[in-house]
file model.cif (mmCIF, C-alpha atoms and all ligand atoms)
data_model
#
loop_
_atom_site.label_atom_id
_atom_site.label_comp_id
_atom_site.auth_asym_id
_atom_site.auth_seq_id
_atom_site.Cartn_x
_atom_site.Cartn_y
_atom_site.Cartn_z
CA MET A 210 -0.18 4.23 -25.78
CA ASN A 211 -0.85 7.92 -25.19
CA LYS A 212 -1.92 9.27 -21.82
CA GLU A 213 -5.51 9.95 -22.81
CA VAL A 214 -6.09 6.42 -24.14
CA ARG A 215 -4.43 4.93 -21.07
CA ASP A 216 -6.48 7.04 -18.66
CA THR A 217 -9.71 5.97 -20.38
CA LEU A 218 -8.67 2.33 -20.20
CA TYR A 219 -7.73 2.72 -16.53
CA THR A 220 -11.11 4.25 -15.69
CA GLN A 221 -12.97 1.49 -17.53
CA ALA A 222 -10.90 -1.29 -15.92
CA LYS A 223 -11.40 0.23 -12.47
CA GLU A 224 -15.16 0.34 -12.95
CA TRP A 225 -15.21 -3.34 -13.94
CA VAL A 226 -12.98 -4.39 -11.03
CA LEU A 227 -15.24 -2.65 -8.51
CA GLU A 228 -18.37 -4.07 -10.16
CA ALA A 229 -16.86 -7.57 -10.10
CA GLY A 230 -16.11 -7.05 -6.41
CA VAL A 231 -19.76 -6.27 -5.69
CA ARG A 232 -20.81 -9.42 -7.59
CA VAL A 233 -18.33 -11.62 -5.72
CA ARG A 234 -19.48 -10.28 -2.35
CA LYS A 235 -23.06 -11.07 -3.28
CA GLN A 236 -22.25 -14.55 -4.65
CA MET A 237 -20.46 -15.40 -1.41
CA LEU A 238 -23.79 -15.39 0.38
CA ASP A 239 -24.76 -18.58 -1.51
CA PRO A 240 -23.08 -21.96 -0.93
CA LEU A 241 -19.91 -22.21 -3.04
CA VAL A 242 -19.67 -24.81 -5.79
CA ILE A 243 -16.10 -26.12 -5.61
CA HIS A 244 -14.17 -28.25 -8.10
CA THR A 245 -10.60 -29.50 -8.09
CA LYS A 246 -8.32 -28.98 -11.09
CA SER A 247 -4.84 -30.61 -11.30
CA SER A 248 -4.85 -31.83 -7.66
CA PRO A 249 -6.93 -31.69 -4.46
CA ARG A 250 -4.96 -28.53 -3.57
CA ASP A 251 -5.78 -26.83 -6.86
CA LEU A 252 -9.30 -25.44 -6.46
CA VAL A 253 -11.76 -23.45 -8.49
CA THR A 254 -15.28 -22.29 -7.70
CA THR A 255 -18.06 -21.13 -9.96
CA VAL A 256 -17.40 -17.65 -8.58
CA ASP A 257 -13.87 -17.74 -10.06
CA GLN A 258 -15.30 -18.85 -13.39
CA GLU A 259 -18.18 -16.40 -13.46
CA THR A 260 -15.96 -13.50 -12.48
CA GLU A 261 -13.50 -14.30 -15.25
CA ARG A 262 -16.40 -14.59 -17.71
CA PHE A 263 -17.64 -11.18 -16.57
CA PHE A 264 -14.31 -9.58 -17.52
CA ALA A 265 -13.80 -11.62 -20.70
CA MET A 266 -17.20 -10.73 -22.14
CA ARG A 267 -16.76 -7.02 -21.48
CA ILE A 268 -13.20 -6.87 -22.82
CA ARG A 269 -14.08 -8.83 -25.97
CA GLU A 270 -17.08 -6.63 -26.67
CA GLN A 271 -15.49 -3.27 -25.95
CA TYR A 272 -11.91 -3.96 -27.11
CA PRO A 273 -12.08 -6.72 -29.74
CA ASP A 274 -8.44 -6.17 -30.77
CA HIS A 275 -7.08 -6.59 -27.23
CA HIS A 276 -5.82 -9.94 -25.90
CA LEU A 277 -6.54 -11.71 -22.62
CA ILE A 278 -4.44 -14.05 -20.47
CA SER A 279 -6.41 -15.50 -17.57
CA GLU A 280 -6.62 -18.49 -15.27
CA GLU A 281 -9.97 -20.15 -15.82
CA GLY A 282 -10.15 -20.73 -19.57
CA TYR A 283 -11.67 -17.58 -21.09
CA GLY A 284 -8.28 -16.24 -22.21
CA ASP A 285 -6.15 -16.58 -25.34
CA ARG A 286 -3.07 -18.75 -25.79
CA LEU A 287 -0.51 -16.07 -26.53
CA HIS A 288 3.04 -16.59 -27.79
CA THR A 289 3.91 -12.91 -27.90
CA THR A 290 3.32 -9.88 -25.71
CA GLU A 291 2.67 -7.61 -28.69
CA GLY A 292 -0.37 -5.35 -28.53
CA VAL A 293 -2.65 -4.68 -25.56
CA VAL A 294 -2.81 -7.66 -23.21
CA TRP A 295 -5.10 -7.89 -20.21
CA ILE A 296 -3.80 -10.36 -17.61
CA ILE A 297 -6.46 -11.35 -15.09
CA ASP A 298 -6.86 -13.61 -12.11
CA PRO A 299 -10.56 -13.39 -11.15
CA ILE A 300 -9.84 -14.73 -7.65
CA ASP A 301 -6.25 -14.93 -6.48
CA GLY A 302 -6.11 -16.93 -3.27
CA THR A 303 -8.94 -19.34 -4.04
CA THR A 304 -8.06 -21.55 -1.05
CA ASN A 305 -8.46 -18.51 1.20
CA PHE A 306 -11.70 -17.61 -0.58
CA ILE A 307 -13.11 -21.06 0.15
CA HIS A 308 -11.73 -21.72 3.63
CA GLN A 309 -11.34 -18.28 5.14
CA ARG A 310 -13.62 -15.97 3.21
CA ARG A 311 -10.90 -13.31 3.30
CA ASN A 312 -7.38 -12.64 1.99
CA PHE A 313 -8.24 -13.09 -1.66
CA ALA A 314 -8.20 -10.55 -4.45
CA ILE A 315 -9.04 -9.75 -8.04
CA SER A 316 -5.82 -9.14 -9.96
CA LEU A 317 -5.99 -7.25 -13.25
CA ALA A 318 -3.11 -5.84 -15.28
CA ILE A 319 -2.86 -4.26 -18.70
CA TYR A 320 0.41 -4.66 -20.59
CA VAL A 321 1.20 -2.90 -23.86
CA ASP A 322 3.92 -4.51 -26.00
CA GLY A 323 5.18 -6.32 -22.89
CA ILE A 324 5.33 -3.27 -20.62
CA GLY A 325 3.08 -3.08 -17.58
CA GLU A 326 0.95 0.06 -17.88
CA ILE A 327 -2.03 -0.41 -15.52
CA ALA A 328 -2.51 -2.51 -12.39
CA PHE A 329 -5.35 -3.27 -10.00
CA VAL A 330 -5.36 -5.67 -7.07
CA TYR A 331 -8.66 -5.52 -5.22
CA ASP A 332 -8.85 -7.01 -1.72
CA ILE A 333 -12.63 -7.33 -1.80
CA MET A 334 -13.35 -8.06 1.86
CA GLN A 335 -11.16 -5.22 3.19
CA ASP A 336 -12.22 -2.94 0.33
CA TYR A 337 -8.59 -2.07 -0.39
CA LEU A 338 -7.95 -1.24 -4.03
CA TYR A 339 -4.25 -1.23 -4.87
CA HIS A 340 -3.69 0.48 -8.21
CA ALA A 341 -1.01 1.94 -10.40
CA LYS A 342 -0.23 3.46 -13.77
CA ARG A 343 3.30 3.25 -15.14
CA ASN A 344 5.48 6.13 -13.90
CA GLU A 345 2.63 7.61 -11.85
CA GLY A 346 3.21 5.74 -8.58
CA ALA A 347 1.19 3.10 -6.74
CA TYR A 348 -1.80 3.70 -4.50
CA LYS A 349 -3.83 1.92 -1.84
CA ASN A 350 -7.28 3.45 -2.25
CA HIS A 351 -6.51 7.20 -2.21
CA ILE A 352 -3.18 6.96 -0.41
CA ARG A 353 -0.01 7.03 -2.49
CA LEU A 354 2.44 4.32 -1.40
CA LYS A 355 5.84 5.62 -0.32
CA PRO A 356 9.09 4.68 -2.06
CA LEU A 357 10.49 1.57 -0.37
CA ARG A 358 12.79 2.10 2.61
CA ARG A 359 16.53 1.64 1.90
CA ASN A 360 19.76 0.59 3.58
CA PHE A 361 18.79 -2.32 5.77
CA THR A 362 19.86 -5.95 5.93
CA VAL A 363 18.24 -9.36 5.65
CA SER A 364 18.38 -9.64 9.45
CA GLU A 365 16.19 -6.52 9.67
CA SER A 366 13.59 -7.77 7.22
CA VAL A 367 10.28 -9.63 7.16
CA LEU A 368 9.69 -12.06 4.28
CA ALA A 369 6.52 -13.54 2.85
CA MET A 370 6.96 -17.19 1.90
CA ASN A 371 5.20 -20.48 2.47
CA ASN A 372 6.42 -23.63 4.18
CA ARG A 373 6.95 -25.46 0.88
CA TRP A 374 10.50 -24.05 0.99
CA LEU A 375 11.16 -26.32 3.99
CA ILE A 376 9.91 -29.57 2.50
CA PRO A 377 11.87 -31.45 -0.16
CA ASN A 378 11.68 -29.52 -3.43
CA THR A 379 13.59 -29.30 -6.67
CA LEU A 380 14.66 -25.65 -6.44
CA VAL A 381 16.69 -24.82 -3.32
CA ASP A 382 18.19 -26.95 -0.57
CA GLU A 383 15.82 -26.87 2.40
CA SER A 384 18.64 -26.37 4.95
CA VAL A 385 19.70 -23.15 3.21
CA MET A 386 16.14 -21.83 3.29
CA GLU A 387 16.06 -22.75 6.97
CA GLN A 388 19.12 -20.53 7.49
CA LEU A 389 17.35 -17.66 5.70
CA ILE A 390 14.28 -18.11 7.90
CA GLN A 391 16.46 -18.08 11.00
CA GLU A 392 18.19 -14.90 9.88
CA VAL A 393 15.13 -12.72 9.18
CA ARG A 394 12.96 -10.99 11.77
CA GLY A 395 10.00 -13.04 10.71
CA THR A 396 8.16 -14.76 7.90
CA ARG A 397 4.51 -14.45 6.90
CA THR A 398 2.29 -16.61 4.68
CA TYR A 399 -0.81 -14.97 3.27
CA GLY A 400 -1.83 -17.41 0.52
CA SER A 401 -2.54 -14.83 -2.19
CA ALA A 402 0.41 -13.97 -4.40
CA ALA A 403 -1.29 -10.81 -5.67
CA LEU A 404 -1.75 -9.52 -2.12
CA GLU A 405 1.77 -10.55 -1.15
CA PHE A 406 3.07 -8.34 -3.97
CA CYS A 407 0.90 -5.52 -2.60
CA TYR A 408 2.42 -5.96 0.85
CA VAL A 409 5.91 -5.67 -0.65
CA ALA A 410 4.78 -2.50 -2.46
CA GLU A 411 3.29 -1.19 0.77
CA GLY A 412 6.56 -1.94 2.59
CA ILE A 413 4.92 -4.09 5.26
CA VAL A 414 6.96 -7.08 4.09
CA ASP A 415 10.35 -6.68 2.43
CA GLY A 416 10.22 -9.58 0.00
CA TYR A 417 8.09 -12.46 -1.23
CA LEU A 418 9.43 -15.77 -2.51
CA SER A 419 7.45 -18.36 -4.44
CA HIS A 420 8.38 -21.60 -6.21
CA SER A 421 6.09 -21.19 -9.15
CA LEU A 422 3.56 -18.57 -10.14
CA CYS A 423 1.52 -18.04 -13.28
CA PRO A 424 1.28 -14.76 -15.25
CA TRP A 425 -2.09 -13.85 -13.72
CA ASP A 426 -0.73 -14.25 -10.16
CA ILE A 427 2.05 -11.70 -10.71
CA ALA A 428 1.20 -9.33 -13.61
CA ALA A 429 -0.49 -6.58 -11.57
CA GLY A 430 1.72 -7.05 -8.51
CA MET A 431 4.89 -6.58 -10.54
CA ILE A 432 3.69 -3.17 -11.70
CA LEU A 433 2.77 -2.07 -8.16
CA VAL A 434 6.16 -3.17 -6.78
CA ARG A 435 8.04 -1.50 -9.64
CA GLU A 436 6.23 1.80 -9.02
CA VAL A 437 7.64 2.07 -5.47
CA GLY A 438 11.18 1.09 -6.47
CA GLY A 439 11.02 -2.67 -5.87
CA ILE A 440 12.38 -5.42 -8.13
CA THR A 441 10.76 -8.62 -9.37
CA THR A 442 12.87 -11.43 -10.85
CA ASN A 443 12.92 -15.19 -10.72
CA ILE A 444 14.82 -16.68 -7.78
CA ASP A 445 18.07 -16.59 -9.78
CA GLY A 446 17.75 -12.85 -10.31
CA ASP A 447 16.84 -13.21 -13.98
CA PRO A 448 13.96 -11.34 -15.67
CA VAL A 449 10.49 -12.84 -15.42
CA ASP A 450 8.83 -14.11 -18.61
CA ILE A 451 5.29 -12.74 -18.31
CA LEU A 452 3.90 -15.41 -20.67
CA LYS A 453 5.15 -18.36 -18.59
CA LYS A 454 5.32 -19.85 -15.09
CA ASN A 455 8.25 -18.48 -13.09
CA SER A 456 9.82 -18.89 -9.69
CA ILE A 457 9.51 -15.46 -8.06
CA LEU A 458 11.46 -13.14 -5.81
CA THR A 459 9.77 -9.74 -5.53
CA CYS A 460 11.74 -7.60 -3.22
CA ASN A 461 13.07 -4.44 -1.72
CA PRO A 462 16.37 -3.71 -3.56
CA SER A 463 18.24 -3.37 -0.24
CA ILE A 464 18.10 -7.11 0.39
CA GLN A 465 17.54 -8.63 -3.05
CA GLU A 466 21.18 -9.29 -3.87
CA SER A 467 21.91 -10.78 -0.46
CA ILE A 468 18.91 -13.14 -0.60
CA ILE A 469 20.12 -14.45 -3.97
CA LYS A 470 23.90 -14.52 -3.35
CA ASP A 471 24.04 -15.48 0.33
CA TYR A 472 21.17 -17.97 0.33
CA ILE A 473 19.49 -19.10 -2.89
CA GLU A 474 22.72 -19.52 -4.92
CA LYS A 475 24.32 -21.53 -2.13
CA GLY A 476 21.46 -24.01 -2.02
CA ARG A 477 20.39 -23.97 -5.67
CA LYS A 478 19.70 -27.44 -6.99
CA ALA A 479 20.54 -28.29 -10.60
P1 LIG A 501 -4.72 -18.98 -7.00
O1 LIG A 501 -5.40 -18.91 -5.71
O2 LIG A 501 -5.23 -18.01 -8.00
O3 LIG A 501 -4.60 -20.38 -7.55
C1 LIG A 501 -0.93 -19.45 -2.96
O4 LIG A 501 0.29 -19.58 -2.32
C2 LIG A 501 -0.73 -18.53 -4.16
O5 LIG A 501 -0.12 -19.30 -5.22
C3 LIG A 501 -2.01 -18.03 -4.72
O6 LIG A 501 -1.76 -16.76 -5.27
C4 LIG A 501 -2.38 -19.04 -5.78
O7 LIG A 501 -3.19 -18.49 -6.78
C5 LIG A 501 -1.01 -19.35 -6.33
N1 LIG A 501 -0.92 -20.64 -7.00
C6 LIG A 501 -0.43 -20.82 -8.23
N2 LIG A 501 -0.49 -22.10 -8.57
C7 LIG A 501 -1.03 -22.77 -7.55
C8 LIG A 501 -1.37 -24.14 -7.32
N3 LIG A 501 -1.14 -25.09 -8.24
N4 LIG A 501 -1.94 -24.45 -6.15
C9 LIG A 501 -2.16 -23.49 -5.24
N5 LIG A 501 -1.84 -22.20 -5.40
C10 LIG A 501 -1.31 -21.83 -6.54
CA CA A 502 -7.10 -17.73 -9.35
#
call {"tool": "encode", "arguments": {"input": "model.cif", "output": "structure tokens"}}
result
Amino acid sequence: MNKEVRDTLYTQAKEWVLEAGVRVRKQMLDPLVIHTKSSPRDLVTTVDQETERFFAMRIREQYPDHHLISEEGYGDRLHTTEGVVWIIDPIDGTTNFIHQRRNFAISLAIYVDGIGEIAFVYDIMQDYLYHAKRNEGAYKNHIRLKPLRRNFTVSESVLAMNNRWLIPNTLVDESVMEQLIQEVRGTRTYGSAALEFCYVAEGIVDGYLSHSLCPWDIAAGMILVREVGGITTNIDGDPVDILKKNSILTCNPSIQESIIKDYIEKGRKA
């Protein structure tokens, strides 16, 4: 994709993200209509659905040859990353949206032949727009994010992770994760994967670990983290498959190897 085409696409996507933000803020004034999906913890509101529809209709009309991967059913079932693929979560952090009315975001990424070209994560309530174009750096509103700090250890880091790592799970022995939590300066749980990626990119946390995330939770965040020198893999250090669910470690390179070798590998369940 040449620069001119990409810049036009970026401008259009940005306009839609900001417009969707205005709509969400307005819709929040009315009572939310909430449904459960796979479990009582897996929630969706009509705002999630309407926001996704907003994007899907515009993309399909303006770019009929582009593809869409998204959470709430308006997307395509893709088996390849060929072509231009929009990857959208209309509301990332739906539990926060419902219970806290903050700490949720619109996540929108555009991949071309599997390579992340454009990213937006919009924290609607704070009015923070994180954005990036490949090889042009990452920004929070008009401020360019700095390259990630280097040469520090796990004991000097802050990690984003949730407490599911401490309850019986199939991935990593809980006692090993307890050791990791004891070693770091602190842990934080924000409840929006897209924002947690932004915080890694911003350097306010040094890594984020999750058991299982979908393409729309990570697609934009991975681009933002990459643009400041961070790395995103699964928890074994292997590349992420953007078409599937993955375990996730997005991280500052200074501590990535140690988190995998000194902790995850030691407690990895079969
Ligand atoms: P969502 O709000 O768009 O569903 C919460 O820790 C983070 O994990 C959120 O980004 C949430 O995205 C994501 N997530 C993915 N699958 C989930 C699930 N089954 N239940 C709750 N959160 C999920
Ligand atoms: Ca969502």
call {"tool": "residues_around", "arguments": {"input": "model.cif", "residues": "region 243-255 of chain A", "least_positions_apart": "5", "cutoff": "10 Å", "atoms": "all atoms listed in the file", "output": "PyMOL selection string"}}
result
chain A and resi 236+260-261+280-281+300+302-304+306-307
call {"tool": "closest_residue", "arguments": {"input": "model.cif", "among": "A:Gly430, A:Gly476, A:Pro273, A:Gly439", "to": "ligand LIG 501 (chain A)", "atoms": "all atoms listed in the file"}}
result
A:Gly430
call {"tool": "residues_around", "arguments": {"input": "model.cif", "residues": "Gly438 (chain A)", "least_positions_apart": "3", "cutoff": "10 Å", "atoms": "only C-alpha atoms", "output": "list in words"}}
result
Gly346, Lys355, Pro356, Leu357, Arg358, Arg359, Ala410, Leu433, Val434, Arg435, Cys460, Asn461 and Pro462 of chain A
call {"tool": "atom_distance", "arguments": {"input": "model.cif", "atom1": "CA of Asp257 (chain A)", "atom2": "CA of His288 (chain A)"}}
result
24.5 Å
call {"tool": "closest_atom_pairs", "arguments": {"input": "model.cif", "of": "region 259-375 of chain A", "to": "region 381-402 of chain A", "cutoff": "7 Å", "atoms": "all atoms listed in the file", "output": "Markdown table"}}
result
| residue | atom | partner | partner_atom | distance |
| --- | --- | --- | --- | --- |
| A:Asp301 | CA | A:Ser401 | CA | 5.7 |
| A:Gly302 | CA | A:Ser401 | CA | 4.3 |
| A:Asn305 | CA | A:Gly400 | CA | 6.8 |
| A:Asn312 | CA | A:Ser401 | CA | 6.8 |
| A:Phe313 | CA | A:Ser401 | CA | 6.0 |
| A:Val363 | CA | A:Val393 | CA | 5.8 |
| A:Ser364 | CA | A:Val393 | CA | 4.5 |
| A:Glu365 | CA | A:Arg394 | CA | 5.9 |
| A:Ser366 | CA | A:Val393 | CA | 5.5 |
| A:Val367 | CA | A:Gly395 | CA | 4.9 |
| A:Leu368 | CA | A:Thr396 | CA | 4.8 |
| A:Ala369 | CA | A:Arg397 | CA | 4.6 |
| A:Met370 | CA | A:Thr398 | CA | 5.5 |
| A:Asn371 | CA | A:Thr398 | CA | 5.3 |
| A:Trp374 | CA | A:Glu383 | CA | 6.2 |
| A:Leu375 | CA | A:Glu383 | CA | 5.0 |
call {"tool": "closest_residue", "arguments": {"input": "model.cif", "among": "A:Pro240, A:Gly230, A:Pro299, A:Gly284", "to": "ligand CA 502 (chain A)", "atoms": "all atoms listed in the file"}}
result
A:Pro299
call {"tool": "closest_residue", "arguments": {"input": "model.cif", "among": "A:Gln335, A:Ser467, A:Ser279, A:Thr290", "to": "Ile427 (chain A)", "atoms": "only C-alpha atoms"}}
result
A:Ser279
call {"tool": "closest_residue", "arguments": {"input": "model.cif", "among": "A:Trp425, A:Tyr283, A:Lys475, A:Ile432", "to": "ligand CA 502 (chain A)", "atoms": "only C-alpha atoms and all ligand atoms"}}
result
A:Trp425
call {"tool": "axis_aligned_box", "arguments": {"input": "model.cif", "around": "region 334-353 of chain A", "padding_each_side": "8 Å", "output": "AutoDock Vina command-line options"}}
result
--center_x -3.9 --center_y -0.2 --center_z -6.0 --size_x 34.8 --size_y 31.7 --size_z 34.3
call {"tool": "closest_residue", "arguments": {"input": "model.cif", "among": "A:Leu422, A:Leu317, A:Val409, A:Ile296", "to": "Ile440 (chain A)", "atoms": "all atoms listed in the file"}}
result
A:Val409
call {"tool": "closest_residue", "arguments": {"input": "model.cif", "among": "A:Ala229, A:Ala328, A:Leu380, A:Val256", "to": "Ser419 (chain A)", "atoms": "all atoms listed in the file"}}
result
A:Leu380
call {"tool": "atom_distance", "arguments": {"input": "model.cif", "atom1": "CA of Lys454 (chain A)", "atom2": "CA of Arg232 (chain A)"}}
result
29.1 Å
call {"tool": "atom_distance", "arguments": {"input": "model.cif", "atom1": "CA of Tyr339 (chain A)", "atom2": "CA of Asn443 (chain A)"}}
result
22.9 Å
call {"tool": "decode", "arguments": {"input": "model.cif", "residues": "region 230-250 of chain A", "atoms": "N, CA, C and O atoms", "output": "tab-separated table (two decimals), in the first residue's frame"}}
result
chain	number	residue	atom	x	y	z
A	230	GLY	N	-17.08	7.55	18.79
A	230	GLY	CA	-16.90	7.96	20.18
A	230	GLY	C	-18.00	8.91	20.64
A	230	GLY	O	-18.55	8.77	21.74
A	231	VAL	N	-18.33	9.86	19.78
A	231	VAL	CA	-19.41	10.81	20.09
A	231	VAL	C	-20.73	10.05	20.28
A	231	VAL	O	-21.49	10.31	21.22
A	232	ARG	N	-20.99	9.09	19.39
A	232	ARG	CA	-22.24	8.32	19.48
A	232	ARG	C	-22.29	7.51	20.77
A	232	ARG	O	-23.33	7.45	21.43
A	233	VAL	N	-21.17	6.88	21.11
A	233	VAL	CA	-21.14	6.06	22.34
A	233	VAL	C	-21.41	6.95	23.56
A	233	VAL	O	-22.21	6.61	24.43
A	234	ARG	N	-20.76	8.09	23.59
A	234	ARG	CA	-20.94	9.00	24.75
A	234	ARG	C	-22.41	9.41	24.88
A	234	ARG	O	-22.95	9.49	25.98
A	235	LYS	N	-23.04	9.63	23.76
A	235	LYS	CA	-24.45	10.01	23.78
A	235	LYS	C	-25.33	8.83	24.22
A	235	LYS	O	-26.22	8.98	25.05
A	236	GLN	N	-25.05	7.64	23.67
A	236	GLN	CA	-25.85	6.46	24.00
A	236	GLN	C	-25.73	6.07	25.47
A	236	GLN	O	-26.62	5.46	26.04
A	237	MET	N	-24.62	6.46	26.09
A	237	MET	CA	-24.42	6.11	27.50
A	237	MET	C	-25.38	6.85	28.42
A	237	MET	O	-25.52	6.50	29.59
A	238	LEU	N	-26.02	7.89	27.89
A	238	LEU	CA	-26.95	8.65	28.73
A	238	LEU	C	-28.25	7.87	28.93
A	238	LEU	O	-28.98	8.09	29.89
A	239	ASP	N	-28.54	6.93	28.02
A	239	ASP	CA	-29.74	6.09	28.14
A	239	ASP	C	-29.39	4.82	28.91
A	239	ASP	O	-28.22	4.42	28.94
A	240	PRO	N	-30.41	4.15	29.52
A	240	PRO	CA	-30.11	2.89	30.20
A	240	PRO	C	-29.53	1.88	29.21
A	240	PRO	O	-29.98	1.79	28.07
A	241	LEU	N	-28.53	1.12	29.66
A	241	LEU	CA	-27.90	0.14	28.76
A	241	LEU	C	-28.75	-1.12	28.68
A	241	LEU	O	-29.31	-1.56	29.67
A	242	VAL	N	-28.83	-1.68	27.48
A	242	VAL	CA	-29.47	-2.99	27.30
A	242	VAL	C	-28.35	-4.02	27.24
A	242	VAL	O	-27.51	-3.99	26.33
A	243	ILE	N	-28.34	-4.92	28.24
A	243	ILE	CA	-27.20	-5.84	28.41
A	243	ILE	C	-27.64	-7.27	28.16
A	243	ILE	O	-28.67	-7.71	28.67
A	244	HIS	N	-26.84	-8.01	27.40
A	244	HIS	CA	-27.08	-9.45	27.21
A	244	HIS	C	-25.82	-10.21	27.57
A	244	HIS	O	-24.72	-9.67	27.48
A	245	THR	N	-25.99	-11.49	27.94
A	245	THR	CA	-24.81	-12.33	28.14
A	245	THR	C	-24.61	-13.16	26.88
A	245	THR	O	-25.54	-13.47	26.16
A	246	LYS	N	-23.34	-13.53	26.64
A	246	LYS	CA	-23.02	-14.36	25.47
A	246	LYS	C	-22.69	-15.77	25.97
A	246	LYS	O	-23.59	-16.49	26.38
A	247	SER	N	-21.40	-16.16	25.99
A	247	SER	CA	-21.06	-17.56	26.34
A	247	SER	C	-21.22	-17.86	27.82
A	247	SER	O	-21.39	-19.00	28.21
A	248	SER	N	-21.17	-16.82	28.69
A	248	SER	CA	-21.26	-17.03	30.14
A	248	SER	C	-21.71	-15.73	30.79
A	248	SER	O	-21.72	-14.68	30.13
A	249	PRO	N	-22.08	-15.77	32.08
A	249	PRO	CA	-22.50	-14.53	32.75
A	249	PRO	C	-21.40	-13.47	32.80
A	249	PRO	O	-21.68	-12.30	33.05
A	250	ARG	N	-20.14	-13.89	32.55
A	250	ARG	CA	-19.03	-12.93	32.55
A	250	ARG	C	-18.80	-12.35	31.17
A	250	ARG	O	-17.96	-11.47	30.99
